Every structure is written in C-alpha cells, then in structure tokens.
file model_35.txt (compact mmCIF, C-alpha atoms)
# COMPACT_ATOMS: atom_id res chain seq x y z
CA MET A 1 0.00 0.00 0.00
CA HIS A 2 2.57 2.57 -1.08
CA GLU A 3 0.18 4.06 -3.63
CA VAL A 4 -0.63 6.99 -1.34
CA GLY A 5 3.05 7.89 -1.06
CA LEU A 6 3.57 7.49 -4.80
CA MET A 7 0.53 9.63 -5.54
CA GLN A 8 1.78 12.25 -3.11
CA ASP A 9 5.14 12.32 -4.94
CA SER A 10 3.32 12.55 -8.28
CA LEU A 11 1.18 15.43 -7.07
CA VAL A 12 4.19 17.36 -5.76
CA LEU A 13 5.78 16.93 -9.22
CA ALA A 14 2.56 17.98 -10.95
CA LEU A 15 2.12 21.08 -8.81
CA GLN A 16 5.73 22.12 -9.44
CA HIS A 17 5.29 21.83 -13.19
CA ALA A 18 1.89 23.52 -13.15
CA LYS A 19 3.26 26.44 -11.15
CA GLN A 20 6.26 26.80 -13.47
CA GLY A 21 3.87 26.77 -16.40
CA GLY A 22 1.87 29.60 -14.89
CA ALA A 23 -1.24 27.46 -14.44
CA GLN A 24 -3.92 28.08 -11.86
CA ARG A 25 -5.78 24.86 -12.21
CA ILE A 26 -4.95 21.27 -13.11
CA HIS A 27 -7.79 19.56 -14.96
CA ARG A 28 -6.20 16.27 -15.91
CA LEU A 29 -3.14 14.28 -14.90
CA THR A 30 -1.97 11.60 -17.26
CA MET A 31 0.26 8.86 -15.89
CA ARG A 32 1.81 5.76 -17.43
CA ILE A 33 1.92 2.74 -15.13
CA GLY A 34 3.51 -0.53 -16.18
CA ASP A 35 1.68 -3.79 -15.55
CA LEU A 36 4.74 -4.97 -13.62
CA ALA A 37 5.21 -1.77 -11.61
CA GLY A 38 3.60 -3.37 -8.57
CA VAL A 39 1.06 -0.58 -8.34
CA VAL A 40 -2.71 -0.95 -8.29
CA PRO A 41 -4.34 1.72 -10.51
CA ASP A 42 -7.54 1.70 -8.42
CA ALA A 43 -5.52 2.42 -5.30
CA LEU A 44 -3.78 5.29 -7.10
CA GLU A 45 -7.14 6.77 -8.04
CA PHE A 46 -8.39 6.52 -4.49
CA ALA A 47 -5.16 8.07 -3.19
CA PHE A 48 -5.38 10.85 -5.75
CA GLU A 49 -8.76 11.96 -4.49
CA VAL A 50 -7.38 12.15 -0.97
CA VAL A 51 -4.09 13.93 -1.66
CA ALA A 52 -5.48 16.36 -4.27
CA ARG A 53 -8.04 17.76 -1.85
CA GLY A 54 -7.46 21.47 -1.27
CA THR A 55 -4.91 21.78 -4.08
CA MET A 56 -5.23 23.18 -7.58
CA ALA A 57 -5.62 19.58 -8.75
CA GLU A 58 -8.76 18.97 -6.69
CA GLY A 59 -11.44 17.46 -8.87
CA ALA A 60 -9.03 16.79 -11.73
CA THR A 61 -9.34 13.65 -13.82
CA LEU A 62 -6.63 11.06 -13.29
CA ASP A 63 -5.93 9.28 -16.53
CA ILE A 64 -3.84 6.15 -15.99
CA GLN A 65 -2.46 4.57 -19.12
CA ARG A 66 -1.32 0.98 -18.70
CA VAL A 67 1.99 -0.04 -20.18
CA PRO A 68 1.90 -3.70 -21.15
CA VAL A 69 4.85 -5.93 -20.32
CA ARG A 70 7.30 -6.57 -23.13
CA CYS A 71 9.93 -9.26 -22.83
CA TYR A 72 12.90 -10.24 -24.93
CA CYS A 73 13.75 -13.81 -25.84
CA ALA A 74 17.50 -14.10 -26.28
CA ASP A 75 17.22 -17.47 -28.03
CA CYS A 76 14.76 -16.27 -30.67
CA ALA A 77 16.22 -12.73 -30.67
CA LYS A 78 12.81 -11.09 -30.56
CA GLU A 79 10.51 -9.09 -28.32
CA PHE A 80 7.08 -10.30 -27.35
CA GLU A 81 4.14 -9.42 -25.11
CA PRO A 82 3.66 -12.19 -22.57
CA THR A 83 0.17 -13.50 -21.90
CA ASP A 84 0.78 -14.48 -18.27
CA LEU A 85 3.20 -13.82 -15.45
CA PHE A 86 5.58 -16.52 -16.60
CA CYS A 87 6.68 -14.45 -19.61
CA GLU A 88 7.20 -17.50 -21.80
CA CYS A 89 8.35 -16.89 -25.34
CA PRO A 90 5.47 -17.75 -27.71
CA SER A 91 7.90 -19.42 -30.13
CA CYS A 92 10.20 -21.50 -27.94
CA ARG A 93 8.21 -21.56 -24.65
CA ARG A 94 11.25 -20.62 -22.57
CA PRO A 95 10.63 -18.12 -19.80
CA SER A 96 12.20 -14.77 -20.56
CA ALA A 97 14.61 -13.26 -18.07
CA GLU A 98 14.67 -9.89 -19.75
CA ILE A 99 11.81 -7.48 -19.19
CA ARG A 100 12.07 -4.49 -21.51
CA ALA A 101 8.89 -2.62 -20.62
CA GLY A 102 6.18 -2.78 -18.00
CA ARG A 103 7.89 -1.34 -14.94
CA GLU A 104 7.20 2.32 -15.78
CA MET A 105 5.76 4.79 -13.29
CA GLU A 106 5.67 8.13 -15.00
CA LEU A 107 3.89 11.45 -14.79
CA THR A 108 3.29 11.98 -18.49
CA SER A 109 1.39 15.23 -18.92
CA LEU A 110 -0.94 17.76 -17.35
CA GLU A 111 -3.92 19.55 -18.75
CA VAL A 112 -4.04 22.95 -17.10
CA SER A 113 -5.53 26.38 -17.40
CA MET B 1 1.00 7.31 6.18
CA CYS B 2 0.06 10.63 7.77
CA GLU B 3 -2.68 10.18 10.33
CA THR B 4 -4.47 13.43 9.66
CA CYS B 5 -4.84 13.25 5.93
CA GLY B 6 -3.74 9.81 4.78
CA CYS B 7 -0.93 11.23 2.68
CA GLY B 8 2.30 9.36 2.27
CA ILE B 9 4.68 12.01 3.55
CA VAL B 10 7.34 10.24 5.53
CA GLU B 11 7.22 11.35 9.11
CA GLY B 12 8.85 9.87 12.10
CA VAL B 13 11.70 8.09 10.30
CA ARG B 14 14.38 7.49 12.89
CA ILE B 15 17.91 6.18 12.54
CA ASP B 16 19.21 4.47 15.66
CA GLY B 17 16.46 6.27 17.53
CA ALA B 18 17.41 9.78 16.38
CA PRO B 19 14.77 11.74 14.47
CA THR B 20 15.49 12.69 10.85
CA ASP B 21 13.99 15.23 8.50
CA ILE B 22 13.49 12.59 5.82
CA GLY B 23 10.42 13.18 3.74
CA GLN B 24 9.94 16.76 4.78
CA ALA B 25 12.05 18.12 1.95
CA SER B 26 9.40 17.06 -0.51
CA SER B 27 6.63 18.80 1.32
CA VAL B 28 5.83 22.28 0.19
CA GLN B 29 6.25 24.24 3.38
CA GLY B 30 8.60 22.16 5.48
CA GLN B 31 6.72 21.04 8.57
CA HIS B 32 4.31 18.69 6.84
CA ALA B 33 2.73 21.22 4.56
CA HIS B 34 0.54 19.81 1.88
CA PRO B 35 0.54 21.21 -1.61
CA HIS B 36 -2.21 23.78 -1.64
CA GLU B 37 -3.87 26.34 -3.77
CA HIS B 38 -3.77 30.00 -2.77
CA PRO B 39 -7.30 31.15 -2.03
CA HIS B 40 -6.55 34.63 -3.38
CA PRO B 41 -6.69 35.38 -7.10
CA HIS B 42 -3.33 35.46 -8.86
CA ASP B 43 -2.56 38.40 -11.05
CA HIS B 44 0.37 38.66 -13.38
CA GLU B 45 2.55 41.02 -11.39
CA HIS B 46 4.78 38.29 -10.01
CA PRO B 47 8.38 38.12 -11.21
CA HIS B 48 8.40 35.87 -14.20
CA GLU B 49 11.65 34.33 -15.41
CA HIS B 50 11.79 32.73 -18.80
CA ALA B 51 14.53 30.21 -18.09
CA HIS B 52 12.15 27.36 -18.84
CA PRO B 53 10.24 26.68 -22.03
CA HIS B 54 6.49 26.70 -21.69
CA GLU B 55 3.45 27.37 -23.73
CA HIS B 56 2.39 30.51 -21.95
CA THR B 57 1.80 33.22 -24.48
CA HIS B 58 2.42 36.81 -23.53
CA GLU B 59 0.62 39.11 -25.87
CA HIS B 60 -0.08 41.49 -23.03
CA GLY B 61 1.88 43.56 -20.55
CA HIS B 62 2.86 41.87 -17.31
CA ASP B 63 1.10 44.47 -15.19
CA GLN B 64 -2.23 43.61 -16.69
CA VAL B 65 -4.45 41.87 -14.16
CA HIS B 66 -6.59 39.27 -15.82
CA PRO B 67 -7.93 35.79 -15.14
CA HIS B 68 -7.18 32.96 -17.53
CA PRO B 69 -10.29 32.09 -19.46
CA ALA B 70 -11.73 28.92 -18.00
CA ASP B 71 -11.80 27.18 -21.33
CA ALA B 72 -8.17 27.86 -22.29
CA HIS B 73 -6.94 24.41 -21.40
CA ARG B 74 -3.46 23.54 -22.51
CA THR B 75 -1.22 20.53 -22.09
CA LEU B 76 2.10 20.48 -20.28
CA ASP B 77 4.37 17.65 -21.36
CA ILE B 78 6.17 16.21 -18.31
CA ARG B 79 7.34 12.60 -18.89
CA GLN B 80 9.10 12.31 -15.57
CA ALA B 81 9.57 9.12 -13.55
CA ILE B 82 7.72 9.40 -10.27
CA LEU B 83 10.58 7.84 -8.38
CA GLU B 84 13.23 9.87 -10.17
CA LYS B 85 14.45 11.43 -6.93
CA ASN B 86 14.77 8.02 -5.27
CA ASP B 87 16.55 6.58 -8.30
CA ARG B 88 19.00 9.47 -8.35
CA LEU B 89 19.80 9.02 -4.66
CA ALA B 90 20.12 5.26 -5.17
CA GLU B 91 22.72 5.86 -7.88
CA ARG B 92 24.60 8.11 -5.49
CA ASN B 93 24.56 5.36 -2.85
CA ARG B 94 25.73 2.86 -5.45
CA GLY B 95 28.67 5.05 -6.45
CA PHE B 96 29.56 5.58 -2.81
CA PHE B 97 29.55 1.83 -2.06
CA GLU B 98 31.32 1.09 -5.33
CA ALA B 99 34.19 3.43 -4.47
CA ARG B 100 34.80 1.40 -1.32
CA GLY B 101 34.59 -1.94 -3.09
CA LEU B 102 31.66 -3.04 -0.94
CA LEU B 103 29.22 -5.78 -1.90
CA VAL B 104 25.75 -4.49 -1.01
CA LEU B 105 22.68 -6.71 -0.69
CA ASN B 106 19.05 -5.70 -0.42
CA LEU B 107 17.48 -8.53 1.59
CA LEU B 108 13.75 -8.85 0.98
CA SER B 109 11.01 -11.14 2.22
CA SER B 110 7.65 -11.37 3.96
CA PRO B 111 7.66 -10.62 7.68
CA GLY B 112 8.90 -13.64 9.60
CA ALA B 113 10.71 -15.38 6.73
CA GLY B 114 13.90 -15.37 8.78
CA LYS B 115 15.92 -12.40 7.51
CA THR B 116 17.44 -11.49 10.86
CA THR B 117 18.20 -15.07 11.84
CA LEU B 118 19.87 -15.58 8.47
CA ILE B 119 22.02 -12.49 9.05
CA GLU B 120 22.98 -13.64 12.55
CA ARG B 121 24.01 -17.08 11.33
CA THR B 122 25.77 -15.69 8.29
CA ALA B 123 27.79 -13.34 10.48
CA ALA B 124 28.81 -16.24 12.71
CA ALA B 125 29.73 -18.44 9.73
CA LEU B 126 31.76 -15.71 8.03
CA LYS B 127 33.67 -14.59 11.10
CA GLY B 128 37.31 -14.20 10.11
CA ARG B 129 36.40 -14.42 6.40
CA LEU B 130 34.27 -11.39 5.59
CA ARG B 131 33.41 -8.29 7.59
CA LEU B 132 29.66 -7.56 7.56
CA GLY B 133 27.76 -4.40 8.33
CA VAL B 134 23.98 -4.25 8.46
CA ILE B 135 21.32 -1.61 7.90
CA VAL B 136 18.00 -2.90 9.16
CA GLY B 137 14.56 -1.43 8.58
CA ASP B 138 11.43 -1.98 10.64
CA LEU B 139 8.35 0.07 11.40
CA ALA B 140 9.26 0.15 15.07
CA THR B 141 11.75 -1.17 17.68
CA ASP B 142 15.49 -1.70 17.42
CA ASN B 143 15.22 -5.36 18.36
CA ASP B 144 16.74 -6.58 15.11
CA ALA B 145 19.74 -4.25 15.27
CA LYS B 146 20.36 -5.42 18.84
CA ARG B 147 20.25 -9.07 17.78
CA ILE B 148 22.70 -8.41 14.96
CA ARG B 149 25.06 -6.39 17.18
CA GLY B 150 25.02 -9.43 19.45
CA GLN B 151 27.03 -11.14 16.69
CA ASP B 152 29.66 -8.42 16.90
CA VAL B 153 28.41 -6.92 13.64
CA PRO B 154 27.88 -3.16 13.32
CA ALA B 155 24.19 -2.49 12.69
CA VAL B 156 22.15 0.64 12.12
CA GLN B 157 18.43 0.51 12.79
CA ILE B 158 16.02 2.55 10.69
CA THR B 159 12.54 2.77 12.14
CA THR B 160 10.22 3.98 9.42
CA GLY B 161 7.25 4.82 11.61
CA THR B 162 4.49 3.76 9.27
CA VAL B 163 6.30 3.45 5.96
CA CYS B 164 6.19 -0.01 4.45
CA HIS B 165 9.59 0.02 2.69
CA LEU B 166 13.08 1.49 2.84
CA ASP B 167 14.02 4.14 0.30
CA ALA B 168 17.35 5.42 -0.98
CA GLU B 169 17.30 8.50 1.24
CA MET B 170 16.96 6.43 4.41
CA VAL B 171 19.87 4.25 3.33
CA ASN B 172 21.84 7.35 2.45
CA ARG B 173 21.50 8.59 6.03
CA ALA B 174 22.05 5.23 7.64
CA ARG B 175 25.23 4.37 5.76
CA GLU B 176 26.99 7.34 7.36
CA ARG B 177 26.74 5.51 10.66
CA LEU B 178 28.48 2.35 9.49
CA PRO B 179 32.28 1.99 9.56
CA LEU B 180 32.28 1.33 5.81
CA ASP B 181 36.04 1.40 5.37
CA ALA B 182 36.30 -1.57 7.72
CA LEU B 183 33.67 -3.67 5.91
CA ASP B 184 33.44 -6.06 2.97
CA VAL B 185 29.67 -6.57 2.76
CA VAL B 186 26.70 -4.40 3.66
CA ILE B 187 23.39 -6.21 4.07
CA ILE B 188 20.32 -3.99 3.98
CA GLU B 189 17.52 -5.86 5.70
CA ASN B 190 14.40 -4.28 4.22
CA VAL B 191 11.03 -3.97 5.94
CA GLY B 192 9.27 -7.36 5.77
CA ASN B 193 6.97 -6.90 2.78
CA LEU B 194 6.88 -8.55 -0.64
CA VAL B 195 5.11 -5.67 -2.40
CA CYS B 196 6.25 -2.09 -1.84
CA PRO B 197 10.04 -2.54 -1.44
CA ALA B 198 10.14 -3.88 -5.02
CA SER B 199 9.66 -0.33 -6.34
CA TYR B 200 12.55 1.28 -4.50
CA ASP B 201 16.15 0.97 -5.66
CA LEU B 202 18.45 1.50 -2.68
CA GLY B 203 21.76 1.40 -4.53
CA GLU B 204 22.39 -2.30 -3.91
CA ASP B 205 24.34 -4.73 -6.09
CA LEU B 206 21.98 -7.64 -5.59
CA LYS B 207 18.38 -8.13 -4.57
CA VAL B 208 18.20 -11.25 -2.43
CA VAL B 209 14.65 -12.51 -1.89
CA ILE B 210 13.84 -15.11 0.76
CA LEU B 211 11.02 -17.62 0.42
CA SER B 212 10.60 -19.60 3.60
CA VAL B 213 9.12 -23.07 3.28
CA THR B 214 6.33 -22.25 5.73
CA GLU B 215 4.94 -19.69 3.29
CA GLY B 216 3.99 -22.31 0.73
CA GLU B 217 5.23 -23.20 -2.71
CA ASP B 218 2.89 -20.84 -4.57
CA LYS B 219 4.19 -17.62 -2.98
CA PRO B 220 6.28 -16.73 -6.07
CA LEU B 221 3.10 -16.90 -8.16
CA LYS B 222 1.32 -14.55 -5.77
CA TYR B 223 4.10 -11.94 -5.70
CA PRO B 224 5.66 -12.13 -9.17
CA VAL B 225 6.76 -8.47 -9.26
CA MET B 226 9.14 -9.01 -6.36
CA PHE B 227 10.45 -12.39 -7.46
CA LYS B 228 11.05 -11.17 -11.01
CA GLN B 229 13.50 -8.61 -9.62
CA ALA B 230 15.51 -11.07 -7.54
CA ASP B 231 19.12 -11.76 -8.41
CA LEU B 232 19.32 -14.50 -5.81
CA ILE B 233 16.48 -16.42 -4.14
CA LEU B 234 17.01 -18.21 -0.86
CA VAL B 235 14.54 -20.95 0.04
CA SER B 236 14.88 -20.77 3.80
CA LYS B 237 13.85 -22.84 6.83
CA ALA B 238 14.56 -25.97 4.79
CA ASP B 239 14.59 -27.92 8.09
CA LEU B 240 10.85 -27.27 8.44
CA ALA B 241 9.91 -28.34 4.92
CA GLU B 242 8.49 -31.69 5.88
CA ALA B 243 6.55 -30.43 8.89
CA ALA B 244 5.11 -27.60 6.79
CA GLY B 245 4.11 -29.94 3.98
CA PHE B 246 6.23 -27.91 1.58
CA ALA B 247 6.07 -29.21 -1.99
CA ARG B 248 9.72 -28.60 -2.83
CA GLU B 249 9.70 -29.64 -6.48
CA SER B 250 6.71 -27.51 -7.23
CA ALA B 251 8.23 -24.51 -5.40
CA ILE B 252 11.47 -24.72 -7.37
CA GLU B 253 9.52 -25.11 -10.60
CA ASN B 254 7.43 -22.02 -9.76
CA LEU B 255 10.57 -20.02 -8.95
CA ARG B 256 12.29 -21.07 -12.18
CA ARG B 257 9.28 -20.05 -14.23
CA VAL B 258 8.58 -16.74 -12.49
CA ALA B 259 12.20 -15.76 -11.94
CA PRO B 260 14.38 -17.43 -14.59
CA GLN B 261 17.01 -14.72 -14.03
CA ALA B 262 17.64 -15.66 -10.41
CA ARG B 263 20.00 -18.16 -8.86
CA ILE B 264 18.26 -20.34 -6.27
CA LEU B 265 19.84 -21.64 -3.06
CA GLU B 266 18.15 -23.77 -0.41
CA LEU B 267 19.26 -23.47 3.18
CA SER B 268 18.43 -23.65 6.84
CA ALA B 269 20.01 -20.99 9.02
CA ARG B 270 19.13 -23.04 12.09
CA THR B 271 20.72 -26.35 11.13
CA GLY B 272 23.39 -24.77 8.92
CA LYS B 273 22.42 -26.91 5.93
CA GLY B 274 23.11 -25.03 2.71
CA MET B 275 24.83 -22.17 4.52
CA ASP B 276 28.20 -23.00 2.94
CA ALA B 277 26.94 -22.35 -0.59
CA TRP B 278 25.39 -19.05 0.52
CA CYS B 279 28.57 -17.92 2.29
CA GLU B 280 30.65 -18.91 -0.72
CA ALA B 281 28.30 -16.90 -2.95
CA LEU B 282 28.96 -13.86 -0.76
CA GLU B 283 32.72 -14.38 -0.92
CA ALA B 284 32.56 -14.78 -4.68
CA GLY B 285 30.50 -11.59 -4.87
CA VAL B 286 33.11 -9.67 -2.90
CA ARG B 287 35.93 -11.07 -5.04
CA GLN B 288 34.09 -10.08 -8.19
CA LYS B 289 33.44 -6.63 -6.77
CA ARG B 290 37.09 -6.06 -6.08
CA GLY B 291 38.50 -7.93 -9.01
CA ARG B 292 40.82 -9.81 -6.68
CA PRO B 293 40.63 -12.48 -3.97
CA ALA B 294 38.80 -11.34 -0.83
CA SER B 295 41.18 -10.20 1.87
CA PRO B 296 41.00 -12.10 5.13
CA SER B 297 39.27 -10.26 7.93
CA SER B 298 41.38 -8.22 10.29
CA ARG B 299 39.06 -9.16 13.09
call {"tool": "encode", "arguments": {"input": "model_35.txt", "output": "structure tokens"}}
result
Amino acid sequence: MHEVGLMQDSLVLALQHAKQGGAQRIHRLTMRIGDLAGVVPDALEFAFEVVARGTMAEGATLDIQRVPVRCYCADCAKEFEPTDLFCECPSCRRPSAEIRAGREMELTSLEVS
Amino acid sequence: MCETCGCGIVEGVRIDGAPTDIGQASSVQGQHAHPHEHPHPHDHEHPHEHAHPHEHTHEHGHDQVHPHPADAHRTLDIRQAILEKNDRLAERNRGFFEARGLLVLNLLSSPGAGKTTLIERTAAALKGRLRLGVIVGDLATDNDAKRIRGQDVPAVQITTGTVCHLDAEMVNRARERLPLDALDVVIIENVGNLVCPASYDLGEDLKVVILSVTEGEDKPLKYPVMFKQADLILVSKADLAEAAGFARESAIENLRRVAPQARILELSARTGKGMDAWCEALEAGVRQKRGRPASPSSR
C-alpha cells in the first residue's frame, strides 16, 4: 500500500510543473503505469482523491495509461508481449529473463488552465 | 501514512532512535505542509523568469491583471519518472559503495521469513572471512539491530514509523553511521513486505529474496513483481519443509518459471544446511566486486 506515497510524490511533481507553467488549475493528470510496476491503478485513483483535496488539482481527472509488459527472448532474438506472469516466449516456450517494458511509473502530462 | 490526511509524507523516520527530516524536503512548506492552492486570485505582477520553455503566451503587458479564461486548457508535457528522486539518490549510494569496493545486498522477504536469523548465522559463519555491516529497517523497535550487534556486527536501525519500505534516502542517512572502510559486505535488511520494497532501488548490487518453506510453494506466483527482480532467491527454513508440507519440487519449478534470471539456493540458518553455498556466494561476490581475492578479515 505505497500508492498513497507514490501519488503524493506525483502530485508534488505535478504542482511544481503547473506552477512553473503559470497554471492556476490542473484539470487532468496523465500517468503511465507498467503492468509490472507493482502498483494498483484503483488504489492510485483513491489516493489521488485524498491527496489532491485542497490543491489546484482537486477534482481533476486522473488518466492512468497501462503499459503492457514486453519481454525479450535471447534465443529467438525477438521481443514479445507475454500472456501471463511466466513471460514465456510464444515461439520456444522458454521463460524470458529480460523485461524491456512494463515497470514504468511516470507522470506523463498535465492539462491545465 | 500521515494520520491526519492519509498522505504518504514520511514522518517519524528514525535512525538508531534519532529523528530525521526525511520526507519533509518534498513537502511544500517544510513542517508537513501539503501542496495547496492560494485562495486569493493570482494576477500577473509576479516576477516571471523565462529560463524554462512553456506554452504561456504573452501578448499582453505583465502588469495587466486578468484571469485565464476557464476554457483555455493547454497541455504540459512532463514525462518524468515518479521515483526519479529516489533513483537518483540510489545511484549516489551505489557510487559511494562502489568506491569502497563493498558488496551491497538488499534482503527482501515477507515478515517472519527469517531475515534477521539468516544475518545472525551468516555473520557467525563468516567470522574471520568477511566483515559484515547491516542496515535494518522496521516500522518500530530496534530489536533486530540489537540481535545483529550481538554477533559483533555493526548495525544501524532505521525505524520507518508507518512506511512499508526502505528508500534510498533512508539508506543514504544510515550508511553514514556504518564503519564502511572496515567492511566487505553491507546487508540492507528491508522492511518485511513482498510488495512495496520492489519499487525502491536502494543502490544495492543484488536483490536477495527469501522464500521460507512455511509460506507455501505458490508464494512466487502470488508476488511475481518481487520475485522477477531477484538476483538470488534463498529458500529458507529448509529444516521445516516436511513439517510444513512444503512441496519442494513444485516450489522450485514455480521459482524457475517466475524468476528465470535468479540463482536459487536452499538453506536452513538453524541447522546450517546449505549455509556454505550461501557464504561462498557472498565471498565470490566480494571477489568479483574487487576484481581480486577477498582479503581475510582483520578481526
């Protein structure tokens, strides 16, 4: 349950950028969260409501874009999107040890006025 | 978590019992201020530097007081990692440890998997071979640091208050209290938790994840995010496997499938079974770190 802390960090970042950009209100926060980031999007949304209260982001829409996991199979020399947590290569069925995407936690953009 | 508002600002982090200001730097006004909106209207008479690029158009004089039209929404492109600050501090820790040729482990598991017992027994087994130092994190009490100091190993206790993981800043503060120049290995015993600590790089060389046999063979399937980050997995409390009805083959199979990148060692800190391979892995790690054979302890 570190989503509240992560959301707090995200909001501090967002408010800094909004202020620098001369904004008075944040209407939308867009974030990219990888499927393997270990973060529950629903918990982020709940946390956002709590931490945004009384800030210029209060009432803003939180738009969470999922980043699917992408693995690399060294034997087949190709990237693939796994279908389960075992990350098995669809061609050779060996589990991949190299995760190339899916761990992202990023504040992507703000819609402000 | 903050009791008044539920926010995640880190308060009450203590290192060896002494209060720290960790977490307060990120708050807006120091003493647990939350980001807030000014209730008064902003006009455009504030000093306005143009060091940064932004999309704010200025077709008017700066002394002109005017509200932004409500419909003039615009997009600010950010693309910043949320844990960027932690990752930066972790890199600093890594460089600091690297410069001293230290092997640094981030030891992770559920509560009660046997992290502290493993450290105690490892210290005893490596006496005269490797010099250990330990940073240990818990929500409260310095019981673990006391136990480890009982093995003649320097230990720093971080009490996180309510925070469910260690972060790079806490380790940054704690490492100053270890006699690093007189050590070969630093073990960071994280808060017992298989979820949150996975997100926080501390500046370690290796993530060592413990699965104790009493937790069941399907634990790696339940917490794949953590196990997928492990460099080394220790299946601990092997002496209890039979009593716990632990399906060993199935556990190893699950670990190999979820964490093909990790080396797996089975051991029992209590009986000492498998401890040799673990201790040898640490010695090999130190040798690799220094590019030469590990020096015998001066102790």
call {"tool": "residues_around", "arguments": {"input": "model_35.txt", "residues": "A:Lys19", "least_positions_apart": "6", "cutoff": "10 Å", "atoms": "all atoms listed in the file", "output": "number ranges by chain"}}
result
A: 25-26, 56
call {"tool": "atom_distance", "arguments": {"input": "model_35.txt", "atom1": "atom CA of A:Ile99", "atom2": "atom CA of B:Asn254"}}
result
17.9 Å
call {"tool": "closest_residue", "arguments": {"input": "model_35.txt", "among": "A:Asp75, A:Arg53, A:Phe48, A:Phe86", "to": "chain B", "atoms": "only C-alpha atoms"}}
result
A:Phe86
call {"tool": "atom_distance", "arguments": {"input": "model_35.txt", "atom1": "atom CA of A:His17", "atom2": "atom CA of A:Gly38"}}
result
25.7 Å
call {"tool": "interface_residues", "arguments": {"input": "model_35.txt", "of": "chain A", "to": "chain B", "cutoff": "7 Å", "atoms": "only C-alpha atoms", "output": "number ranges by chain"}}
result
A: 1-2, 4-5, 8-10, 12, 21, 36, 38, 51, 54-56, 85-86, 95-97, 105-113
call {"tool": "atom_distance", "arguments": {"input": "model_35.txt", "atom1": "atom CA of B:Glu120", "atom2": "atom CA of B:Val153"}}
result
8.7 Å
call {"tool": "residues_near_point", "arguments": {"input": "model_35.txt", "point": "(0.1, 1.1, -13.9)", "cutoff": "10 Å", "atoms": "all atoms listed in the file", "output": "count of residues only"}}
result
23
call {"tool": "build_atoms", "arguments": {"input": "model_35.txt", "residues": "stretch 55-73 of chain A", "atoms": "N, CA and C atoms", "output": "PDB file, in the coordinates of the input"}}
result
ATOM      1  N   THR A  55      -5.965  21.297  -3.186  1.00  0.00           N
ATOM      2  CA  THR A  55      -4.910  21.780  -4.080  1.00  0.00           C
ATOM      3  C   THR A  55      -5.528  22.207  -5.404  1.00  0.00           C
ATOM      4  N   MET A  56      -4.693  22.763  -6.279  1.00  0.00           N
ATOM      5  CA  MET A  56      -5.230  23.180  -7.580  1.00  0.00           C
ATOM      6  C   MET A  56      -5.562  21.985  -8.477  1.00  0.00           C
ATOM      7  N   ALA A  57      -5.281  20.775  -7.973  1.00  0.00           N
ATOM      8  CA  ALA A  57      -5.620  19.580  -8.750  1.00  0.00           C
ATOM      9  C   ALA A  57      -6.910  18.938  -8.235  1.00  0.00           C
ATOM     10  N   GLU A  58      -7.525  19.554  -7.240  1.00  0.00           N
ATOM     11  CA  GLU A  58      -8.760  18.970  -6.690  1.00  0.00           C
ATOM     12  C   GLU A  58      -9.807  18.841  -7.799  1.00  0.00           C
ATOM     13  N   GLY A  59     -10.397  17.679  -7.876  1.00  0.00           N
ATOM     14  CA  GLY A  59     -11.440  17.460  -8.870  1.00  0.00           C
ATOM     15  C   GLY A  59     -10.916  17.118 -10.263  1.00  0.00           C
ATOM     16  N   ALA A  60      -9.597  17.099 -10.416  1.00  0.00           N
ATOM     17  CA  ALA A  60      -9.030  16.790 -11.730  1.00  0.00           C
ATOM     18  C   ALA A  60      -9.259  15.322 -12.085  1.00  0.00           C
ATOM     19  N   THR A  61      -9.216  15.035 -13.359  1.00  0.00           N
ATOM     20  CA  THR A  61      -9.340  13.650 -13.820  1.00  0.00           C
ATOM     21  C   THR A  61      -7.956  13.011 -13.793  1.00  0.00           C
ATOM     22  N   LEU A  62      -7.887  11.803 -13.250  1.00  0.00           N
ATOM     23  CA  LEU A  62      -6.630  11.060 -13.290  1.00  0.00           C
ATOM     24  C   LEU A  62      -6.730  10.024 -14.391  1.00  0.00           C
ATOM     25  N   ASP A  63      -5.876  10.172 -15.370  1.00  0.00           N
ATOM     26  CA  ASP A  63      -5.930   9.280 -16.530  1.00  0.00           C
ATOM     27  C   ASP A  63      -4.712   8.361 -16.455  1.00  0.00           C
ATOM     28  N   ILE A  64      -4.959   7.096 -16.127  1.00  0.00           N
ATOM     29  CA  ILE A  64      -3.840   6.150 -15.990  1.00  0.00           C
ATOM     30  C   ILE A  64      -3.768   5.275 -17.234  1.00  0.00           C
ATOM     31  N   GLN A  65      -2.654   5.394 -17.938  1.00  0.00           N
ATOM     32  CA  GLN A  65      -2.460   4.570 -19.120  1.00  0.00           C
ATOM     33  C   GLN A  65      -1.582   3.378 -18.756  1.00  0.00           C
ATOM     34  N   ARG A  66      -2.091   2.200 -19.003  1.00  0.00           N
ATOM     35  CA  ARG A  66      -1.320   0.980 -18.700  1.00  0.00           C
ATOM     36  C   ARG A  66      -0.224   0.784 -19.725  1.00  0.00           C
ATOM     37  N   VAL A  67       0.917   0.332 -19.248  1.00  0.00           N
ATOM     38  CA  VAL A  67       1.990  -0.040 -20.180  1.00  0.00           C
ATOM     39  C   VAL A  67       2.136  -1.551 -20.105  1.00  0.00           C
ATOM     40  N   PRO A  68       1.799  -2.244 -21.190  1.00  0.00           N
ATOM     41  CA  PRO A  68       1.900  -3.700 -21.150  1.00  0.00           C
ATOM     42  C   PRO A  68       3.350  -4.166 -21.025  1.00  0.00           C
ATOM     43  N   VAL A  69       3.508  -5.363 -20.485  1.00  0.00           N
ATOM     44  CA  VAL A  69       4.850  -5.930 -20.320  1.00  0.00           C
ATOM     45  C   VAL A  69       5.385  -6.364 -21.685  1.00  0.00           C
ATOM     46  N   ARG A  70       6.638  -6.054 -21.934  1.00  0.00           N
ATOM     47  CA  ARG A  70       7.300  -6.570 -23.130  1.00  0.00           C
ATOM     48  C   ARG A  70       8.586  -7.252 -22.724  1.00  0.00           C
ATOM     49  N   CYS A  71       8.747  -8.481 -23.179  1.00  0.00           N
ATOM     50  CA  CYS A  71       9.930  -9.260 -22.830  1.00  0.00           C
ATOM     51  C   CYS A  71      10.770  -9.508 -24.078  1.00  0.00           C
ATOM     52  N   TYR A  72      11.997  -9.921 -23.826  1.00  0.00           N
ATOM     53  CA  TYR A  72      12.900 -10.240 -24.930  1.00  0.00           C
ATOM     54  C   TYR A  72      13.348 -11.688 -24.780  1.00  0.00           C
ATOM     55  N   CYS A  73      13.244 -12.429 -25.851  1.00  0.00           N
ATOM     56  CA  CYS A  73      13.750 -13.810 -25.840  1.00  0.00           C
ATOM     57  C   CYS A  73      15.112 -13.804 -26.522  1.00  0.00           C
TER      58      CYS A  73
END
